[in-house]
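For reference, the structure discussed in these notes is given below.
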Amino acid sequence: MKKNQLEIACFNYESAVIAEENGADRIELCENMELGGTTPNYILAEKVKEKLTIKMHVIIRPRGGDFVYSNEDFVQMKEDIQKFTKLGIDGFVFGILNSDGSVDKIRNKELVNLAGSCPCTFHRAFDVVKNVQESLEDVIDCGFKTILTSGQEKNVVEGILVIEKIQEQAKGRIVIMPGGGLRSSNIHLLKQKLEPSFYHSSAITDDSIIASPDEIKSLLIHLQNKKS
């Protein structure tokens with residue numbers, strides 16, 4: 001039987017340690033929260049990898065802004081994947097779009113193939129694709145194992161109907177991971193409508209960029225149906 005699991009988006013070493021110590025199943029390592037997350041520094045990734053025993057996925061996003069990348073951006077993304085693969089990380093998170101809002105299948109496939117045995121997540125570039133149904137099929141065809149999405153809205157609560165429809169269309173062919181404004185205060189709303197899955201949250205509850213231990217514990221309580 002499938003079970004709910006929790007991924008914490010970590011923008012620093014401190015959050016990664018907090019995530020593991022408080023029961024998270026996996027982290028997504030990135031930097032520059034104000035830009036929505038970009039490729040982390042290699043030294044940071046190396047330090048986190050040495051410390052953690054849970055799985056660590058790394059975002060490959062050379063800059064903030066849109067997800068239509070130049071040739072120079074793409075070369076950087078390939079180099080980063082090769083570099084982090086040697087570090088032994090557990091997965092990659094990225095997404096490339098065409099200027100018309102469709103999924104860039106050629107370049108995404110190239111990166112997925114470059115990642116080899118490391119599973120790849122198509123990140124929230126999915127939330128700005130022009131056609132959700134077609135894009136879902138394109139992402140699956142590219143070889144991604146997971147889609148991180150807020151249902152094309154600013155947060156998962158507002159996008160819950162789209163997330164539900166995507167999950168139904170996927171029919172288990174790919175993991176649909178809700179993320180974007182996910183907190184312990186609203187996660188029960190998603191659990192009521194969605195099949196068991198990974199859930200994604202930064203677990204940040206204040207003005208800092210550090211994950212909250214209490215928030216992670218609360219998220220897990222809701223996901224695992226445990227009583228506090």
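FYI, nothing fancy with the structure tokens labels: chains A, B, ... in order, residues from 1 per chain, ligands from 1 as they appear.
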Residues within 9 Å of A:Gly151, only C-alpha atoms, excluding chain neighbours under 5 positions, as a ChimeraX atom specification = /A:126-127,156-164,166,178-179
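Around A:Leu114, within 9 Å and counting only C-alpha atoms, the residues found are Lys78, Ile81, Gln82, Lys109 and Glu110 of chain A, once anything fewer than 4 positions away on its own chain is removed.
Note that the spacing between atom CA of A:Arg107 and atom CA of A:Ser150 amounts to 23.4 Å.
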Go through stretch 128-168 of chain A residue by residue and, counting only C-alpha atoms, keep those with an atom at most 8 Å from stretch 84-104 of chain A; for each kept residue give the shortest atom pair and its distance in Å to one decimal, ordered by chain and increasing number, as a tab-separated table.
residue	atom	partner	partner_atom	distance
A:Val128	CA	A:Gly101	CA	7.0
A:Val129	CA	A:Gly101	CA	4.8
A:Lys130	CA	A:Gly101	CA	4.9
A:Asn131	CA	A:Ser102	CA	7.2
A:Ser135	CA	A:Val103	CA	6.1
A:Asp138	CA	A:Val103	CA	6.6
A:Val139	CA	A:Val103	CA	7.2
Could you take the residues named above and write them with all heavy atoms, as a tab-separated table (two decimals), in the first residue's frame?
chain	number	residue	atom	x	y	z
A	128	VAL	N	3.25	26.76	-15.14
A	128	VAL	CA	3.07	27.81	-16.16
A	128	VAL	C	3.00	27.23	-17.57
A	128	VAL	O	3.11	27.96	-18.54
A	128	VAL	CB	4.19	28.88	-16.07
A	128	VAL	CG1	4.06	29.67	-14.78
A	128	VAL	CG2	5.57	28.27	-16.18
A	129	VAL	N	2.81	25.91	-17.69
A	129	VAL	CA	2.64	25.33	-19.02
A	129	VAL	C	1.29	25.77	-19.58
A	129	VAL	O	0.35	26.05	-18.83
A	129	VAL	CB	2.73	23.79	-19.02
A	129	VAL	CG1	4.13	23.35	-18.58
A	129	VAL	CG2	1.66	23.16	-18.13
A	130	LYS	N	1.20	25.80	-20.90
A	130	LYS	CA	-0.01	26.30	-21.55
A	130	LYS	C	-1.14	25.27	-21.50
A	130	LYS	O	-2.31	25.61	-21.29
A	130	LYS	CB	0.29	26.67	-23.00
A	130	LYS	CG	-0.85	27.38	-23.71
A	130	LYS	CD	-0.42	27.87	-25.08
A	130	LYS	CE	-1.55	28.63	-25.78
A	130	LYS	NZ	-1.13	29.12	-27.11
A	131	ASN	N	-0.79	23.99	-21.71
A	131	ASN	CA	-1.80	22.93	-21.74
A	131	ASN	C	-1.40	21.85	-20.73
A	131	ASN	O	-0.43	21.11	-20.95
A	131	ASN	CB	-1.91	22.35	-23.15
A	131	ASN	CG	-3.05	21.35	-23.29
A	131	ASN	OD1	-3.10	20.36	-22.58
A	131	ASN	ND2	-3.96	21.61	-24.21
A	135	SER	N	0.95	18.57	-21.49
A	135	SER	CA	2.25	18.68	-20.81
A	135	SER	C	2.50	17.51	-19.89
A	135	SER	O	3.64	17.04	-19.76
A	135	SER	CB	2.33	20.00	-20.05
A	135	SER	OG	2.30	21.10	-20.94
A	138	ASP	N	3.75	14.79	-22.00
A	138	ASP	CA	5.11	15.09	-22.46
A	138	ASP	C	6.14	14.84	-21.36
A	138	ASP	O	7.22	14.29	-21.62
A	138	ASP	CB	5.20	16.56	-22.91
A	138	ASP	CG	4.49	16.81	-24.23
A	138	ASP	OD1	4.23	15.83	-24.96
A	138	ASP	OD2	4.21	17.99	-24.53
A	139	VAL	N	5.81	15.25	-20.14
A	139	VAL	CA	6.73	15.05	-19.02
A	139	VAL	C	6.94	13.56	-18.75
A	139	VAL	O	8.07	13.11	-18.52
A	139	VAL	CB	6.20	15.76	-17.75
A	139	VAL	CG1	7.01	15.36	-16.52
A	139	VAL	CG2	6.26	17.28	-17.93
request  = If you run DSSP over the backbone, which residues in stretch 2-225 of chain A end up strand (DSSP E)? Put them as JSON, numbers by chain.
outcome  = {"A": [5, 6, 7, 8, 9, 10, 26, 27, 28, 29, 55, 56, 57, 58, 59, 91, 92, 93, 94, 120, 121, 122, 146, 147, 148, 149, 175, 176, 177, 178, 198, 199, 200, 201]}
task = Quick one: everything within 9 Å of A:Asn41, counting only C-alpha atoms, minus sequence neighbours fewer than 3 positions away in the same chain. Send it as JSON, numbers by chain.
result = {"A": [30, 31, 44, 45, 46]}
Could those residues be written to a file, using all heavy atoms, as a compact mmCIF listing (two decimals), in the first residue's frame?
# COMPACT_ATOMS: atom_id res chain seq x y z
N CYS A 30 18.41 23.48 -2.48
CA CYS A 30 18.49 24.61 -3.41
C CYS A 30 18.99 25.83 -2.64
O CYS A 30 19.25 25.76 -1.45
CB CYS A 30 17.13 24.89 -4.05
SG CYS A 30 15.74 24.92 -2.88
N GLU A 31 19.15 26.93 -3.34
CA GLU A 31 19.53 28.20 -2.72
C GLU A 31 18.65 29.30 -3.29
O GLU A 31 17.87 29.08 -4.20
CB GLU A 31 21.02 28.50 -2.95
CG GLU A 31 21.95 27.60 -2.15
CD GLU A 31 23.41 28.03 -2.21
OE1 GLU A 31 24.04 27.80 -3.27
OE2 GLU A 31 23.91 28.60 -1.22
N LEU A 44 28.18 23.43 -0.57
CA LEU A 44 27.02 23.23 0.31
C LEU A 44 26.45 21.82 0.11
O LEU A 44 26.17 21.11 1.08
CB LEU A 44 25.95 24.27 0.02
CG LEU A 44 24.59 24.04 0.69
CD1 LEU A 44 24.70 24.08 2.20
CD2 LEU A 44 23.55 25.05 0.19
N ALA A 45 26.27 21.43 -1.15
CA ALA A 45 25.71 20.10 -1.44
C ALA A 45 26.60 19.00 -0.88
O ALA A 45 26.11 18.01 -0.33
CB ALA A 45 25.54 19.94 -2.94
N GLU A 46 27.89 19.16 -1.00
CA GLU A 46 28.84 18.17 -0.50
C GLU A 46 28.74 18.05 1.02
O GLU A 46 28.73 16.95 1.58
CB GLU A 46 30.26 18.57 -0.91
CG GLU A 46 31.32 17.54 -0.62
CD GLU A 46 32.68 17.96 -1.17
OE1 GLU A 46 33.00 19.17 -1.12
OE2 GLU A 46 33.39 17.08 -1.66
key: Residue nearest A:Phe198 - candidates A:Ile174, A:Cys120, A:Met33, A:Leu6, atoms counted: only C-alpha atoms   =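 Counting only C-alpha atoms, the residue closest to A:Phe198 is A:Leu6.
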query = When DSSP works through the backbone of this structure, what residues of stretch 107-188 of chain A end up as alpha helix (DSSP H), shown as a PyMOL selection string?
reply = chain A and resi 107-115+132-142+160-170+187-188
Keeping only N, CA and C atoms, write the selected residues as a compact mmCIF listing (two decimals), in the first residue's frame.
# COMPACT_ATOMS: atom_id res chain seq x y z
N ARG A 107 15.34 18.83 -24.90
CA ARG A 107 16.36 19.15 -23.91
C ARG A 107 16.07 18.49 -22.55
N ASN A 108 14.78 18.36 -22.19
CA ASN A 108 14.46 17.66 -20.95
C ASN A 108 14.90 16.20 -21.02
N LYS A 109 14.64 15.55 -22.16
CA LYS A 109 15.06 14.15 -22.32
C LYS A 109 16.57 14.01 -22.21
N GLU A 110 17.28 14.99 -22.78
CA GLU A 110 18.74 14.93 -22.73
C GLU A 110 19.23 14.99 -21.29
N LEU A 111 18.60 15.85 -20.48
CA LEU A 111 19.01 15.95 -19.08
C LEU A 111 18.63 14.71 -18.28
N VAL A 112 17.44 14.17 -18.55
CA VAL A 112 17.01 12.94 -17.86
C VAL A 112 17.98 11.80 -18.18
N ASN A 113 18.36 11.70 -19.44
CA ASN A 113 19.30 10.65 -19.83
C ASN A 113 20.67 10.86 -19.19
N LEU A 114 21.06 12.13 -19.09
CA LEU A 114 22.34 12.46 -18.48
C LEU A 114 22.35 12.10 -17.00
N ALA A 115 21.18 12.21 -16.36
CA ALA A 115 21.06 11.88 -14.93
C ALA A 115 21.20 10.38 -14.67
N VAL A 132 -2.14 21.76 -19.66
CA VAL A 132 -1.79 20.84 -18.56
C VAL A 132 -1.84 19.38 -19.00
N GLN A 133 -2.90 19.00 -19.72
CA GLN A 133 -3.08 17.61 -20.10
C GLN A 133 -1.96 17.15 -21.05
N GLU A 134 -1.69 17.93 -22.07
CA GLU A 134 -0.64 17.58 -23.02
C GLU A 134 0.73 17.58 -22.34
N SER A 135 0.95 18.57 -21.49
CA SER A 135 2.25 18.68 -20.81
C SER A 135 2.50 17.51 -19.89
N LEU A 136 1.46 17.02 -19.23
CA LEU A 136 1.61 15.85 -18.37
C LEU A 136 2.14 14.67 -19.19
N GLU A 137 1.55 14.44 -20.35
CA GLU A 137 1.99 13.32 -21.20
C GLU A 137 3.42 13.55 -21.69
N ASP A 138 3.75 14.79 -22.00
CA ASP A 138 5.11 15.09 -22.46
C ASP A 138 6.14 14.84 -21.36
N VAL A 139 5.81 15.25 -20.14
CA VAL A 139 6.73 15.05 -19.02
C VAL A 139 6.94 13.56 -18.75
N ILE A 140 5.87 12.79 -18.82
CA ILE A 140 5.99 11.33 -18.64
C ILE A 140 6.87 10.75 -19.74
N ASP A 141 6.64 11.19 -20.97
CA ASP A 141 7.41 10.70 -22.12
C ASP A 141 8.90 11.02 -22.00
N CYS A 142 9.21 12.11 -21.32
CA CYS A 142 10.61 12.50 -21.14
C CYS A 142 11.35 11.61 -20.14
N ILE A 160 -5.99 22.79 -5.98
CA ILE A 160 -6.26 21.40 -5.62
C ILE A 160 -7.07 20.64 -6.68
N LEU A 161 -8.00 21.31 -7.34
CA LEU A 161 -8.81 20.62 -8.35
C LEU A 161 -7.97 20.19 -9.54
N VAL A 162 -7.04 21.05 -9.93
CA VAL A 162 -6.14 20.71 -11.04
C VAL A 162 -5.21 19.58 -10.64
N ILE A 163 -4.69 19.64 -9.42
CA ILE A 163 -3.80 18.57 -8.94
C ILE A 163 -4.55 17.24 -8.95
N GLU A 164 -5.79 17.27 -8.52
CA GLU A 164 -6.61 16.05 -8.49
C GLU A 164 -6.81 15.49 -9.90
N LYS A 165 -7.08 16.37 -10.85
CA LYS A 165 -7.29 15.94 -12.24
C LYS A 165 -6.01 15.38 -12.85
N ILE A 166 -4.88 16.02 -12.54
CA ILE A 166 -3.60 15.53 -13.06
C ILE A 166 -3.30 14.15 -12.50
N GLN A 167 -3.55 13.97 -11.22
CA GLN A 167 -3.29 12.68 -10.59
C GLN A 167 -4.17 11.59 -11.21
N GLU A 168 -5.41 11.93 -11.50
CA GLU A 168 -6.32 10.97 -12.14
C GLU A 168 -5.83 10.62 -13.54
N GLN A 169 -5.40 11.62 -14.29
CA GLN A 169 -4.92 11.38 -15.65
C GLN A 169 -3.64 10.54 -15.64
N ALA A 170 -2.79 10.78 -14.65
CA ALA A 170 -1.51 10.08 -14.59
C ALA A 170 -1.68 8.59 -14.37
N ILE A 187 -2.75 20.92 4.88
CA ILE A 187 -2.43 19.64 4.24
C ILE A 187 -3.58 18.65 4.32
N HIS A 188 -4.41 18.77 5.36
CA HIS A 188 -5.54 17.83 5.50
C HIS A 188 -6.53 17.98 4.36
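Note that atom CA of A:Ile43 and atom CA of A:Glu7 are 21.6 Å apart.
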ask   = Separation of atom CA of A:Ala19 and atom CA of A:Pro196, in Å?
value =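 Distance reported for this atom pair: 20.4 Å.
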task = Identify, on the basis of only C-alpha atoms, every residue whose closest approach to A:Ile216 does not exceed 9 Å; exclude the query and any residue fewer than 4 positions from it along the same chain; express the result as a ChimeraX atom specification.
result = /A:6,8,18-19,22-24,183-184,201-203,211-212,220-221
